[in-house]
$ cat query_14.txt   # compact mmCIF, C-alpha atoms and all ligand atoms
# COMPACT_ATOMS: atom_id res chain seq x y z
CA MET A 1 0.00 0.00 0.00
CA ILE A 2 1.39 3.42 -0.96
CA LYS A 3 0.22 6.70 0.53
CA VAL A 4 1.17 10.16 -0.68
CA ALA A 5 0.87 12.78 2.03
CA LYS A 6 0.66 16.50 1.30
CA PHE A 7 1.10 18.94 4.17
CA GLY A 8 -0.21 22.49 3.89
CA GLY A 9 1.35 25.69 5.21
CA THR A 10 -0.13 25.63 8.71
CA SER A 11 1.24 22.09 9.15
CA LEU A 12 4.74 23.49 8.65
CA ALA A 13 4.44 26.91 10.25
CA ASP A 14 7.13 26.37 12.90
CA ALA A 15 9.33 23.75 14.60
CA THR A 16 6.43 22.38 16.67
CA GLN A 17 4.44 21.76 13.50
CA PHE A 18 7.49 20.24 11.76
CA LYS A 19 7.73 17.81 14.66
CA LYS A 20 4.09 16.76 14.17
CA VAL A 21 4.70 16.21 10.45
CA HIS A 22 7.82 14.21 11.27
CA ASP A 23 5.87 11.97 13.66
CA ILE A 24 2.95 11.48 11.26
CA VAL A 25 5.28 10.42 8.43
CA LYS A 26 7.31 8.14 10.72
CA ASP A 27 4.18 6.62 12.16
CA ASP A 28 3.15 4.94 8.92
CA GLU A 29 5.63 3.16 6.64
CA GLU A 30 3.12 3.44 3.82
CA ARG A 31 3.52 7.22 3.69
CA LYS A 32 6.24 7.01 1.06
CA PHE A 33 6.05 10.32 -0.72
CA VAL A 34 5.52 13.59 1.07
CA VAL A 35 4.69 16.89 -0.61
CA VAL A 36 5.09 20.08 1.38
CA SER A 37 3.93 23.68 1.24
CA ALA A 38 5.94 26.65 2.45
CA PRO A 39 5.56 27.57 6.14
CA GLY A 40 2.23 29.31 6.70
CA LYS A 41 0.93 31.50 9.50
CA ARG A 42 1.80 30.62 13.10
CA PHE A 43 -0.88 32.91 14.50
CA LYS A 44 -3.63 35.14 13.12
CA ASP A 45 -1.60 38.20 12.14
CA ASP A 46 1.51 36.31 11.14
CA ASN A 47 2.86 36.25 7.56
CA LYS A 48 2.93 33.32 5.21
CA ILE A 49 6.41 32.72 3.82
CA THR A 50 5.06 32.71 0.27
CA ASP A 51 3.50 36.16 0.79
CA LEU A 52 6.84 37.46 2.07
CA LEU A 53 8.54 36.02 -1.00
CA TYR A 54 6.09 37.83 -3.28
CA LEU A 55 6.87 40.95 -1.29
CA THR A 56 10.60 40.40 -1.77
CA TYR A 57 10.06 40.25 -5.50
CA ALA A 58 7.95 43.42 -5.42
CA HIS A 59 10.83 45.22 -3.69
CA LEU A 60 13.22 44.00 -6.35
CA LYS A 61 10.86 45.03 -9.13
CA TYR A 62 10.42 48.56 -7.85
CA SER A 63 14.09 48.90 -6.84
CA VAL A 64 13.45 49.13 -3.10
CA PRO A 65 16.09 47.28 -0.98
CA TYR A 66 14.72 43.77 -0.45
CA ALA A 67 17.16 42.71 2.28
CA PRO A 68 14.91 43.42 5.31
CA VAL A 69 12.09 41.25 3.93
CA LEU A 70 14.41 38.45 2.93
CA LYS A 71 15.90 38.61 6.42
CA LEU A 72 12.46 37.89 7.93
CA ILE A 73 12.21 34.79 5.76
CA GLU A 74 15.74 33.67 6.57
CA ASP A 75 15.12 34.12 10.29
CA ARG A 76 12.01 31.95 10.18
CA PHE A 77 13.79 29.09 8.45
CA ASN A 78 16.80 29.42 10.75
CA LEU A 79 14.58 29.25 13.80
CA ILE A 80 13.06 25.99 12.62
CA LYS A 81 16.49 24.61 11.81
CA GLU A 82 17.93 25.53 15.22
CA GLU A 83 14.98 24.28 17.24
CA LEU A 84 15.14 20.95 15.46
CA ASN A 85 18.93 20.70 15.49
CA LEU A 86 19.19 20.20 11.76
CA SER A 87 22.43 20.26 9.82
CA ILE A 88 21.36 21.69 6.47
CA ASP A 89 23.46 24.63 5.25
CA LEU A 90 20.83 27.38 5.07
CA GLU A 91 23.43 30.10 4.80
CA HIS A 92 24.58 28.67 1.51
CA GLU A 93 20.99 28.34 0.26
CA PHE A 94 20.27 32.00 1.02
CA GLU A 95 23.52 33.04 -0.66
CA ILE A 96 22.27 31.40 -3.85
CA ILE A 97 18.88 33.14 -3.49
CA ARG A 98 20.52 36.53 -2.98
CA LYS A 99 22.74 36.05 -5.98
CA LYS A 100 19.71 35.14 -8.12
CA LEU A 101 17.85 38.20 -6.87
CA ASP A 102 20.79 40.45 -7.68
CA ASP A 103 20.81 38.95 -11.17
CA LYS A 104 17.14 40.01 -11.47
CA CYS A 105 15.56 36.55 -11.35
CA GLU A 106 11.97 35.83 -12.37
CA GLU A 107 9.15 36.11 -9.83
CA ASP A 108 8.30 32.39 -10.10
CA TYR A 109 11.79 31.42 -9.00
CA ILE A 110 11.80 33.50 -5.85
CA VAL A 111 8.25 32.65 -4.72
CA SER A 112 8.96 28.93 -5.11
CA ARG A 113 11.78 29.04 -2.55
CA GLY A 114 9.38 28.63 0.39
CA GLU A 115 8.41 25.13 -0.70
CA TYR A 116 11.97 24.34 -1.75
CA LEU A 117 13.47 25.21 1.65
CA SER A 118 10.60 23.67 3.56
CA ALA A 119 11.19 20.38 1.72
CA LEU A 120 14.97 20.52 2.27
CA LEU A 121 14.46 20.99 6.01
CA ILE A 122 11.95 18.20 6.42
CA ALA A 123 14.04 15.82 4.26
CA ASP A 124 16.99 16.54 6.55
CA TYR A 125 14.79 16.01 9.62
CA LEU A 126 13.33 12.72 8.36
CA GLN A 127 16.62 11.61 6.84
CA CYS A 128 15.11 10.70 3.52
CA ASP A 129 15.45 11.69 -0.15
CA PHE A 130 14.78 15.19 -1.41
CA ILE A 131 13.40 15.35 -4.94
CA ASP A 132 13.41 18.83 -6.42
CA ALA A 133 10.06 19.50 -8.13
CA LYS A 134 11.87 21.28 -10.97
CA ASP A 135 13.36 17.92 -12.01
CA VAL A 136 10.08 15.99 -12.08
CA ILE A 137 7.16 18.36 -12.73
CA PHE A 138 7.28 19.79 -16.25
CA PHE A 139 5.35 22.63 -17.82
CA LYS A 140 4.94 23.43 -21.48
CA TYR A 141 5.56 27.01 -22.58
CA ASP A 142 1.80 27.58 -22.79
CA GLY A 143 1.68 27.17 -19.00
CA ASN A 144 0.02 23.75 -19.00
CA ILE A 145 1.54 20.69 -17.43
CA ASP A 146 3.41 18.38 -19.80
CA LYS A 147 1.60 15.31 -18.51
CA LYS A 148 3.48 12.68 -20.47
CA LYS A 149 6.96 13.97 -19.65
CA THR A 150 6.00 14.48 -15.99
CA GLN A 151 4.47 11.01 -15.61
CA GLU A 152 7.45 9.29 -17.21
CA LYS A 153 10.01 11.14 -15.15
CA LEU A 154 8.09 10.67 -11.93
CA ALA A 155 7.66 6.94 -12.55
CA GLU A 156 11.42 6.66 -12.98
CA VAL A 157 12.47 8.84 -10.03
CA LEU A 158 9.85 7.71 -7.51
CA GLY A 159 10.57 4.09 -8.40
CA LYS A 160 14.11 4.51 -7.09
CA SER A 161 13.19 6.03 -3.75
CA LYS A 162 12.02 4.44 -0.52
CA LYS A 163 10.88 7.66 1.06
CA ALA A 164 11.08 11.12 -0.49
CA ILE A 165 10.07 14.70 0.14
CA ILE A 166 8.97 16.80 -2.82
CA PRO A 167 8.30 20.56 -2.63
CA GLY A 168 4.85 21.57 -3.84
CA PHE A 169 3.72 24.57 -5.91
CA TYR A 170 6.27 24.55 -8.75
CA GLY A 171 7.96 22.75 -11.61
CA SER A 172 9.99 23.88 -14.59
CA TYR A 173 9.71 25.01 -18.20
CA PRO A 174 11.59 23.12 -20.94
CA ASP A 175 14.55 25.50 -20.49
CA GLY A 176 14.78 24.57 -16.79
CA SER A 177 13.47 27.87 -15.42
CA ILE A 178 10.99 27.69 -12.56
CA LYS A 179 7.25 27.91 -13.15
CA THR A 180 4.73 27.94 -10.30
CA PHE A 181 1.11 26.82 -10.20
CA SER A 182 -1.58 29.26 -9.09
CA ARG A 183 -1.69 30.14 -5.36
CA GLY A 184 -2.43 27.13 -3.18
CA GLY A 185 -0.88 24.98 -5.91
CA SER A 186 0.89 22.50 -3.63
CA ASP A 187 -2.40 20.61 -3.65
CA ILE A 188 -1.96 20.13 -7.39
CA THR A 189 1.59 18.83 -6.93
CA GLY A 190 0.39 16.39 -4.27
CA SER A 191 -2.30 15.09 -6.53
CA ILE A 192 0.08 14.69 -9.50
CA ILE A 193 2.58 12.79 -7.33
CA ALA A 194 -0.16 10.52 -5.96
CA SER A 195 -1.32 9.71 -9.46
CA ALA A 196 2.22 9.03 -10.73
CA ALA A 197 3.06 6.90 -7.68
CA LYS A 198 -0.15 4.91 -8.27
CA ALA A 199 -0.92 5.60 -4.64
CA ASP A 200 -3.72 3.80 -2.85
CA MET A 201 -4.51 6.92 -0.87
CA TYR A 202 -3.74 10.62 -1.22
CA GLU A 203 -3.68 12.24 2.20
CA ASN A 204 -4.16 15.98 2.30
CA TRP A 205 -3.09 17.23 5.74
CA THR A 206 -4.39 20.61 6.87
CA ASP A 207 -5.59 22.23 10.08
CA VAL A 208 -9.17 20.94 9.99
CA SER A 209 -10.47 17.40 10.37
CA GLY A 210 -12.05 17.18 6.94
CA PHE A 211 -15.30 18.74 5.85
CA LEU A 212 -18.29 19.60 7.96
CA MET A 213 -21.90 19.03 6.95
CA ALA A 214 -22.65 22.74 7.18
CA ASP A 215 -20.90 26.03 7.83
CA PRO A 216 -20.07 26.11 11.58
CA ARG A 217 -20.80 29.85 11.63
CA ILE A 218 -24.42 28.95 10.88
CA VAL A 219 -24.95 25.51 12.44
CA LYS A 220 -23.54 24.89 15.89
CA ASN A 221 -21.08 21.99 15.95
CA PRO A 222 -22.06 20.45 12.64
CA GLN A 223 -21.19 16.80 12.13
CA GLN A 224 -18.08 15.91 10.20
CA ILE A 225 -18.54 14.34 6.76
CA LYS A 226 -16.92 10.90 6.91
CA LYS A 227 -17.22 10.02 3.26
CA ILE A 228 -18.16 12.06 0.22
CA THR A 229 -18.04 11.46 -3.53
CA TYR A 230 -16.29 13.79 -5.96
CA GLN A 231 -19.63 14.70 -7.49
CA GLU A 232 -21.13 15.67 -4.13
CA LEU A 233 -18.00 17.62 -3.31
CA ARG A 234 -18.29 19.54 -6.55
CA GLU A 235 -21.89 20.44 -5.72
CA LEU A 236 -20.96 21.65 -2.26
CA SER A 237 -17.90 23.62 -3.36
CA TYR A 238 -19.85 25.21 -6.19
CA MET A 239 -22.33 26.44 -3.64
CA GLY A 240 -19.66 28.12 -1.60
CA ALA A 241 -18.27 25.48 0.76
CA SER A 242 -14.52 25.97 0.69
CA VAL A 243 -12.95 22.72 -0.37
CA LEU A 244 -10.24 21.56 -2.76
CA HIS A 245 -9.68 23.28 -6.07
CA ASP A 246 -10.93 21.30 -9.13
CA GLU A 247 -7.50 21.39 -10.70
CA ALA A 248 -6.06 19.83 -7.56
CA VAL A 249 -8.57 17.02 -7.52
CA PHE A 250 -8.41 16.10 -11.19
CA PRO A 251 -5.25 13.89 -11.35
CA VAL A 252 -6.29 11.68 -8.42
CA ARG A 253 -9.93 11.60 -9.43
CA GLN A 254 -8.95 10.42 -12.89
CA ALA A 255 -6.71 7.73 -11.42
CA GLY A 256 -9.47 6.60 -9.02
CA ILE A 257 -7.38 7.41 -5.93
CA PRO A 258 -9.34 8.42 -2.84
CA ILE A 259 -8.37 11.58 -0.96
CA ASN A 260 -8.28 11.67 2.81
CA ILE A 261 -8.49 15.15 4.33
CA LYS A 262 -6.70 14.94 7.68
CA ASN A 263 -5.75 17.26 10.51
CA THR A 264 -2.05 17.56 11.44
CA ASN A 265 -3.11 18.79 14.90
CA ASP A 266 -5.45 15.82 15.45
CA PRO A 267 -3.93 12.93 13.49
CA GLU A 268 -6.12 10.28 15.13
CA ASN A 269 -9.27 11.85 13.71
CA PRO A 270 -10.22 9.85 10.57
CA GLY A 271 -11.06 13.07 8.68
CA THR A 272 -13.08 13.01 5.46
CA ILE A 273 -12.54 10.53 2.64
CA ILE A 274 -13.38 11.59 -0.90
CA VAL A 275 -14.15 8.60 -3.10
CA GLY A 276 -14.89 8.06 -6.78
CA ASP A 277 -18.53 8.36 -7.80
CA ASP A 278 -18.60 4.68 -8.75
CA GLN A 279 -17.19 3.60 -5.40
CA ALA A 280 -20.04 5.21 -3.61
CA ASP A 281 -22.86 2.69 -3.90
CA GLU A 282 -21.47 -0.32 -2.07
CA ASN A 283 -19.55 1.60 0.55
CA TYR A 284 -22.07 4.24 1.08
CA GLU A 285 -23.89 4.30 4.29
CA ASN A 286 -24.84 7.71 5.45
CA PRO A 287 -27.23 7.57 8.39
CA ASN A 288 -28.32 11.14 7.69
CA ILE A 289 -29.19 10.46 4.02
CA ILE A 290 -27.86 13.87 3.15
CA THR A 291 -24.11 14.53 2.96
CA GLY A 292 -23.94 18.27 3.35
CA ILE A 293 -25.65 21.64 2.98
CA ALA A 294 -24.10 24.73 1.43
CA GLY A 295 -25.41 27.94 0.02
CA LYS A 296 -24.79 31.43 -1.25
CA LYS A 297 -26.56 34.72 -0.77
CA ASN A 298 -27.18 37.63 -3.11
CA PHE A 299 -28.80 36.40 -6.27
CA THR A 300 -31.16 38.36 -8.53
CA VAL A 301 -34.10 36.76 -10.35
CA PHE A 302 -35.46 38.04 -13.67
CA TYR A 303 -38.99 36.71 -13.94
CA VAL A 304 -40.42 36.70 -17.49
CA HIS A 305 -44.05 35.95 -18.28
CA LYS A 306 -45.64 35.92 -21.72
CA GLU A 307 -49.08 34.73 -22.79
CA HIS A 308 -48.89 31.48 -24.80
CA MET A 309 -45.13 31.31 -24.44
CA ALA A 310 -45.45 27.53 -24.34
CA ASN A 311 -46.33 27.53 -28.05
CA GLU A 312 -43.48 29.77 -29.13
CA VAL A 313 -40.06 28.46 -30.14
CA GLY A 314 -36.78 30.07 -29.08
CA VAL A 315 -37.99 32.46 -26.37
CA ILE A 316 -35.55 31.31 -23.72
CA LYS A 317 -32.73 31.36 -26.25
CA LYS A 318 -33.39 35.02 -26.97
CA ALA A 319 -33.32 35.81 -23.28
CA LEU A 320 -30.11 33.89 -22.74
CA GLU A 321 -28.43 35.72 -25.58
CA ILE A 322 -28.97 39.00 -23.76
CA PHE A 323 -27.06 37.69 -20.76
CA GLU A 324 -24.43 36.04 -22.91
CA GLY A 325 -23.83 39.29 -24.77
CA LYS A 326 -22.99 40.97 -21.48
CA GLY A 327 -20.77 38.11 -20.31
CA ILE A 328 -23.06 37.23 -17.40
CA SER A 329 -23.05 33.64 -16.23
CA ILE A 330 -26.43 32.16 -15.31
CA GLU A 331 -26.98 29.99 -12.23
CA HIS A 332 -30.48 28.61 -12.80
CA ILE A 333 -33.42 28.81 -15.19
CA PRO A 334 -36.49 27.43 -13.45
CA SER A 335 -39.47 27.49 -15.81
CA GLY A 336 -43.24 27.30 -15.83
CA ILE A 337 -45.69 26.92 -18.70
CA ASP A 338 -45.84 30.52 -19.84
CA SER A 339 -43.01 31.85 -17.75
CA PHE A 340 -39.43 31.31 -16.75
CA SER A 341 -36.94 32.89 -14.40
CA ILE A 342 -33.27 33.58 -14.83
CA VAL A 343 -31.22 33.55 -11.66
CA VAL A 344 -27.83 35.32 -11.65
CA PRO A 345 -25.42 36.56 -8.98
CA THR A 346 -26.50 40.10 -8.04
CA GLU A 347 -22.98 41.49 -8.32
CA SER A 348 -22.87 40.55 -12.02
CA VAL A 349 -26.01 42.61 -12.87
CA GLU A 350 -25.83 45.35 -10.26
CA LYS A 351 -25.49 48.20 -12.76
CA LEU A 352 -27.22 46.45 -15.66
CA THR A 353 -30.57 45.44 -14.19
CA HIS A 354 -32.69 48.14 -15.89
CA GLU A 355 -30.94 47.71 -19.20
CA ILE A 356 -31.54 43.94 -19.11
CA VAL A 357 -35.20 44.34 -18.19
CA GLU A 358 -35.74 46.71 -21.12
CA GLU A 359 -33.95 44.39 -23.53
CA LEU A 360 -35.98 41.41 -22.33
CA LYS A 361 -39.20 43.34 -22.86
CA THR A 362 -38.25 44.43 -26.37
CA LYS A 363 -36.68 41.27 -27.67
CA LEU A 364 -39.23 38.89 -26.13
CA MET A 365 -42.14 41.21 -26.85
CA THR A 366 -43.70 41.10 -23.43
CA GLN A 367 -44.40 43.75 -20.83
CA SER A 368 -44.25 41.28 -17.98
CA VAL A 369 -40.65 41.25 -16.74
CA LYS A 370 -40.05 41.58 -13.03
CA THR A 371 -36.91 41.40 -10.95
CA HIS A 372 -36.33 40.33 -7.43
CA LYS A 373 -33.10 40.88 -5.53
CA ASN A 374 -31.90 39.29 -2.28
CA LEU A 375 -32.40 35.65 -3.17
CA SER A 376 -30.25 32.99 -1.51
CA LEU A 377 -29.67 29.58 -2.99
CA ILE A 378 -29.23 26.60 -0.69
CA SER A 379 -28.14 23.24 -1.97
CA THR A 380 -28.77 20.10 0.03
CA VAL A 381 -26.50 17.41 -1.33
CA GLY A 382 -26.38 13.65 -0.91
CA ILE A 383 -26.24 10.68 -3.24
CA GLY A 384 -28.24 8.90 -0.55
CA MET A 385 -31.24 10.99 -1.62
CA ALA A 386 -31.49 9.52 -5.11
CA TYR A 387 -34.46 7.26 -5.69
CA LYS A 388 -35.67 7.70 -2.14
CA PRO A 389 -39.16 9.06 -1.81
CA GLY A 390 -40.06 11.53 0.87
CA ILE A 391 -36.79 13.45 1.00
CA SER A 392 -38.03 16.65 -0.59
CA ALA A 393 -41.22 16.46 1.48
CA LYS A 394 -39.10 16.35 4.60
CA LEU A 395 -37.02 19.28 3.42
CA PHE A 396 -39.98 21.47 2.45
CA ASN A 397 -41.77 20.57 5.64
CA ALA A 398 -38.80 21.66 7.70
CA LEU A 399 -38.72 25.00 5.91
CA GLY A 400 -42.48 25.47 6.23
CA GLU A 401 -42.46 24.72 9.93
CA ASN A 402 -39.78 27.36 10.38
CA ASN A 403 -41.73 29.94 8.41
CA VAL A 404 -39.28 30.06 5.56
CA ASN A 405 -40.89 31.05 2.29
CA ILE A 406 -39.49 29.05 -0.62
CA ARG A 407 -39.18 31.20 -3.74
CA MET A 408 -37.61 28.66 -6.03
CA ILE A 409 -37.07 24.89 -6.23
CA ASP A 410 -34.67 23.06 -8.49
CA GLN A 411 -33.70 19.42 -8.40
CA GLY A 412 -31.08 18.08 -10.81
CA SER A 413 -32.12 14.91 -12.64
CA SER A 414 -29.27 13.03 -10.96
CA GLU A 415 -31.25 13.58 -7.75
CA ILE A 416 -28.12 14.16 -5.73
CA ASN A 417 -29.13 17.65 -4.75
CA ILE A 418 -32.14 19.79 -4.10
CA ILE A 419 -31.69 23.53 -4.49
CA VAL A 420 -34.10 25.95 -2.89
CA GLY A 421 -34.19 29.70 -3.27
CA VAL A 422 -35.14 31.68 -0.16
CA GLU A 423 -34.99 35.33 0.88
CA ASP A 424 -31.51 36.40 2.02
CA LYS A 425 -32.95 37.20 5.43
CA ASP A 426 -34.02 33.54 5.82
CA PHE A 427 -30.70 32.08 4.66
CA GLU A 428 -29.26 31.02 8.03
CA LYS A 429 -32.62 29.96 9.42
CA ALA A 430 -33.26 27.76 6.37
CA ILE A 431 -29.89 26.01 6.60
CA ARG A 432 -30.43 25.30 10.29
CA ALA A 433 -33.94 23.98 9.61
CA ILE A 434 -32.73 21.58 6.92
CA TYR A 435 -29.81 20.44 9.06
CA ASN A 436 -32.00 19.75 12.07
CA ALA A 437 -34.54 17.88 9.98
CA PHE A 438 -32.00 15.41 8.62
CA VAL A 439 -29.21 15.13 11.13
CA LYS A 440 -29.81 13.22 14.27
N1 LIG A 501 2.79 28.34 -0.76
C1 LIG A 501 1.93 28.50 -1.88
C2 LIG A 501 0.85 29.52 -1.56
O1 LIG A 501 0.85 30.07 -0.47
C3 LIG A 501 1.36 27.22 -2.37
C4 LIG A 501 0.65 26.37 -1.34
O2 LIG A 501 0.81 26.53 -0.14
O3 LIG A 501 -0.09 25.49 -1.75
O4 LIG A 501 0.03 29.80 -2.37

$ encode --input "query_14.txt" --output "structure tokens"
Amino acid sequence: MIKVAKFGGTSLADATQFKKVHDIVKDDEERKFVVVSAPGKRFKDDNKITDLLYLTYAHLKYSVPYAPVLKLIEDRFNLIKEELNLSIDLEHEFEIIRKKLDDKCEEDYIVSRGEYLSALLIADYLQCDFIDAKDVIFFKYDGNIDKKKTQEKLAEVLGKSKKAIIPGFYGSYPDGSIKTFSRGGSDITGSIIASAAKADMYENWTDVSGFLMADPRIVKNPQQIKKITYQELRELSYMGASVLHDEAVFPVRQAGIPINIKNTNDPENPGTIIVGDDQADENYENPNIITGIAGKKNFTVFYVHKEHMANEVGVIKKALEIFEGKGISIEHIPSGIDSFSIVVPTESVEKLTHEIVEELKTKLMTQSVKTHKNLSLISTVGIGMAYKPGISAKLFNALGENNVNIRMIDQGSSEINIIVGVEDKDFEKAIRAIYNAFVK
């Protein structure tokens, strides 16, 4: 069994956190490949190393002496080194960085040094191999990953190592220069390594024990989600739950490797396991039937009514073209017999509402166009809901009993979610009502 473990910035913020990572990796022989972020914040108003590196580059760019900022970074790494009694020659590493800066290096090079140094330190601490990401993760000049070259090289290099640390967040262009992923990109590295290593599990270590069924700012002590499918996760993240980036999930999802979200500060907690959609049926036992609830506020509805619309062809198309022409993305289009509504994020139509209403009236030849602001959308997600009667009745009942007026209902044909639209003022109350109705 092979596990790839990726540790985020808070897991490596200082020597105490390094020690936890060390113990977690040592604790399980199967954790063969470890991907690390740069040290993150130690406390609320602290700085992330990567942010300081961006700041260093900004100094260089605008010809302001960068030394004081770089010193902050150097001090943080030195402190970790000293507290852990490590032997790595950081002075030499910073000499190289300074030289590169003085030669006017690229931004991507400098901002990648957080991950690079973090990986060097932990490799020294764990006494295992260090694999520089620039030698195994390859980009094409168009900025996309060169999948074939990366896979081949990784298969070769990982095959030779018993235990290795790989810095996240960057790789290299064909000419060897450094190229980084977007911010938070160590997750992408972790997922690429897991896929190349044909891992049985990709562990993503952070500072929370996986995902919660609802936002804890709304529901008090929500239950933890033990298992979730990629599809459910996508539904929840789309509706605002902060989870992994799509790009970061893709390589492991494609390879059918489950992801385990774990907490470095509570390693015994099983966390949340994300499984393939096809692995869900047999292993799926969710006592609550629903998996999670997420939602977003601030939508605007354009309600269009036209006599005998049902007999006319192309009406909705004409309406959609108006939005398309203004580059506005549409969330939902619930429809009736002679009417339909178009739901969009309020911020995207804030200054255009009147213009859109007028255009709808003219192009669709109807006087009946109304708008309504302050709509919230709440998605209740769970593959356990599919083909089970009575679920929506339970949900609507719960909302009714709590005096929440439902303004819109939408259920995807896959039946893994039910979306309701409620007034913004009822948003929190509605989420609590749904949660309490389903979760014991
Ligand atoms: N250190 C990088 C960032 O802060 C990448 C990462 O942590 O995933 O964005």

$ closest_atom_pairs --input "query_14.txt" --of "chain A" --to "ligand LIG 501 (chain A)" --cutoff "7 Å" --atoms "all atoms listed in the file" --output "Markdown table"
| residue | atom | partner | partner_atom | distance |
| --- | --- | --- | --- | --- |
| A:Gly8 | CA | A:LIG501 | O2 | 5.8 |
| A:Gly9 | CA | A:LIG501 | O2 | 5.4 |
| A:Ser37 | CA | A:LIG501 | O2 | 4.4 |
| A:Ala38 | CA | A:LIG501 | N1 | 4.8 |
| A:Lys48 | CA | A:LIG501 | O1 | 6.9 |
| A:Thr50 | CA | A:LIG501 | O1 | 5.0 |
| A:Asp51 | CA | A:LIG501 | O1 | 6.8 |
| A:Gly114 | CA | A:LIG501 | N1 | 6.7 |
| A:Glu115 | CA | A:LIG501 | N1 | 6.5 |
| A:Gly168 | CA | A:LIG501 | O3 | 6.6 |
| A:Phe169 | CA | A:LIG501 | C3 | 5.0 |
| A:Ser182 | CA | A:LIG501 | O4 | 6.9 |
| A:Arg183 | CA | A:LIG501 | O4 | 3.5 |
| A:Gly184 | CA | A:LIG501 | O3 | 3.2 |
| A:Gly185 | CA | A:LIG501 | O3 | 4.3 |
| A:Ser186 | CA | A:LIG501 | O3 | 3.7 |
| A:Asp187 | CA | A:LIG501 | O3 | 5.7 |

$ atom_distance --input "query_14.txt" --atom1 "atom CA of Phe396 of chain A" --atom2 "atom CA of Ile228 of chain A"
23.9 Å

$ closest_atom_pairs --input "query_14.txt" --of "segment 227-307 of chain A" --to "segment 320-343 of chain A" --cutoff "6 Å" --atoms "all atoms listed in the file" --output "tab-separated table"
residue	atom	partner	partner_atom	distance
A:Thr300	CA	A:Val343	CA	5.7
A:Val301	CA	A:Val343	CA	4.5
A:Phe302	CA	A:Ile342	CA	5.1
A:Tyr303	CA	A:Ser341	CA	4.4
A:Val304	CA	A:Ser339	CA	5.5
A:His305	CA	A:Ser339	CA	4.3
A:Lys306	CA	A:Asp338	CA	5.7

$ closest_atom_pairs --input "query_14.txt" --of "segment 100-145 of chain A" --to "segment 33-36 of chain A" --cutoff "12 Å" --atoms "all atoms listed in the file" --output "Markdown table"
| residue | atom | partner | partner_atom | distance |
| --- | --- | --- | --- | --- |
| A:Ser112 | CA | A:Val36 | CA | 11.6 |
| A:Arg113 | CA | A:Val36 | CA | 11.9 |
| A:Gly114 | CA | A:Val36 | CA | 9.6 |
| A:Glu115 | CA | A:Val36 | CA | 6.4 |
| A:Tyr116 | CA | A:Val36 | CA | 8.7 |
| A:Leu117 | CA | A:Val36 | CA | 9.8 |
| A:Ser118 | CA | A:Val36 | CA | 6.9 |
| A:Ala119 | CA | A:Val36 | CA | 6.1 |
| A:Leu120 | CA | A:Val36 | CA | 9.9 |
| A:Leu121 | CA | A:Val36 | CA | 10.5 |
| A:Ile122 | CA | A:Val36 | CA | 8.7 |
| A:Ala123 | CA | A:Val34 | CA | 9.4 |
| A:Leu126 | CA | A:Val34 | CA | 10.7 |
| A:Cys128 | CA | A:Phe33 | CA | 10.0 |
| A:Asp129 | CA | A:Phe33 | CA | 9.5 |
| A:Phe130 | CA | A:Val34 | CA | 9.7 |
| A:Ile131 | CA | A:Val35 | CA | 9.8 |
| A:Asp132 | CA | A:Val35 | CA | 10.7 |
| A:Ala133 | CA | A:Val35 | CA | 9.6 |

$ residues_around --input "query_14.txt" --residues "Ile293 of chain A" --least-positions-apart "2" --cutoff "10 Å" --atoms "all atoms listed in the file" --output "list in words"
Leu212, Met213, Ala214, Asp215, Glu235, Leu236, Met239, Gly240, Ala241, Ile290, Thr291, Gly295, Ile378, Ser379, Thr380, Val381, Gly382, Asn417, Ile418, Ile419, Ile431, Arg432, Ile434 and Tyr435 of chain A

$ closest_residue --input "query_14.txt" --among "A:Arg98, A:Lys81, A:Lys32, A:Arg407" --to "Met1 of chain A" --atoms "all atoms listed in the file"
A:Lys32

$ closest_residue --input "query_14.txt" --among "A:Asp108, A:Asp175, A:Asp200, A:Glu82" --to "Ile2 of chain A" --atoms "only C-alpha atoms"
A:Asp200

$ atom_distance --input "query_14.txt" --atom1 "atom CA of Val4 of chain A" --atom2 "atom CA of Asp46 of chain A"
28.7 Å

$ atom_distance --input "query_14.txt" --atom1 "atom CA of Lys318 of chain A" --atom2 "atom CA of Ser348 of chain A"
19.1 Å

$ residues_around --input "query_14.txt" --residues "segment 69-79 of chain A" --least-positions-apart "2" --cutoff "9 Å" --atoms "all atoms listed in the file" --output "ChimeraX atom specification"
/A:14-15,39,49,52-53,55-56,59,65-67,81-84,90-91,94,98,114,117-118,121

$ write_last_selection --input "query_14.txt" --atoms "C-alpha atoms" --output "CSV table (one decimal), in the coordinates of the input"
chain,number,residue,atom,x,y,z
A,14,ASP,CA,7.1,26.4,12.9
A,15,ALA,CA,9.3,23.8,14.6
A,39,PRO,CA,5.6,27.6,6.1
A,49,ILE,CA,6.4,32.7,3.8
A,52,LEU,CA,6.8,37.5,2.1
A,53,LEU,CA,8.5,36.0,-1.0
A,55,LEU,CA,6.9,41.0,-1.3
A,56,THR,CA,10.6,40.4,-1.8
A,59,HIS,CA,10.8,45.2,-3.7
A,65,PRO,CA,16.1,47.3,-1.0
A,66,TYR,CA,14.7,43.8,-0.4
A,67,ALA,CA,17.2,42.7,2.3
A,81,LYS,CA,16.5,24.6,11.8
A,82,GLU,CA,17.9,25.5,15.2
A,83,GLU,CA,15.0,24.3,17.2
A,84,LEU,CA,15.1,21.0,15.5
A,90,LEU,CA,20.8,27.4,5.1
A,91,GLU,CA,23.4,30.1,4.8
A,94,PHE,CA,20.3,32.0,1.0
A,98,ARG,CA,20.5,36.5,-3.0
A,114,GLY,CA,9.4,28.6,0.4
A,117,LEU,CA,13.5,25.2,1.6
A,118,SER,CA,10.6,23.7,3.6
A,121,LEU,CA,14.5,21.0,6.0
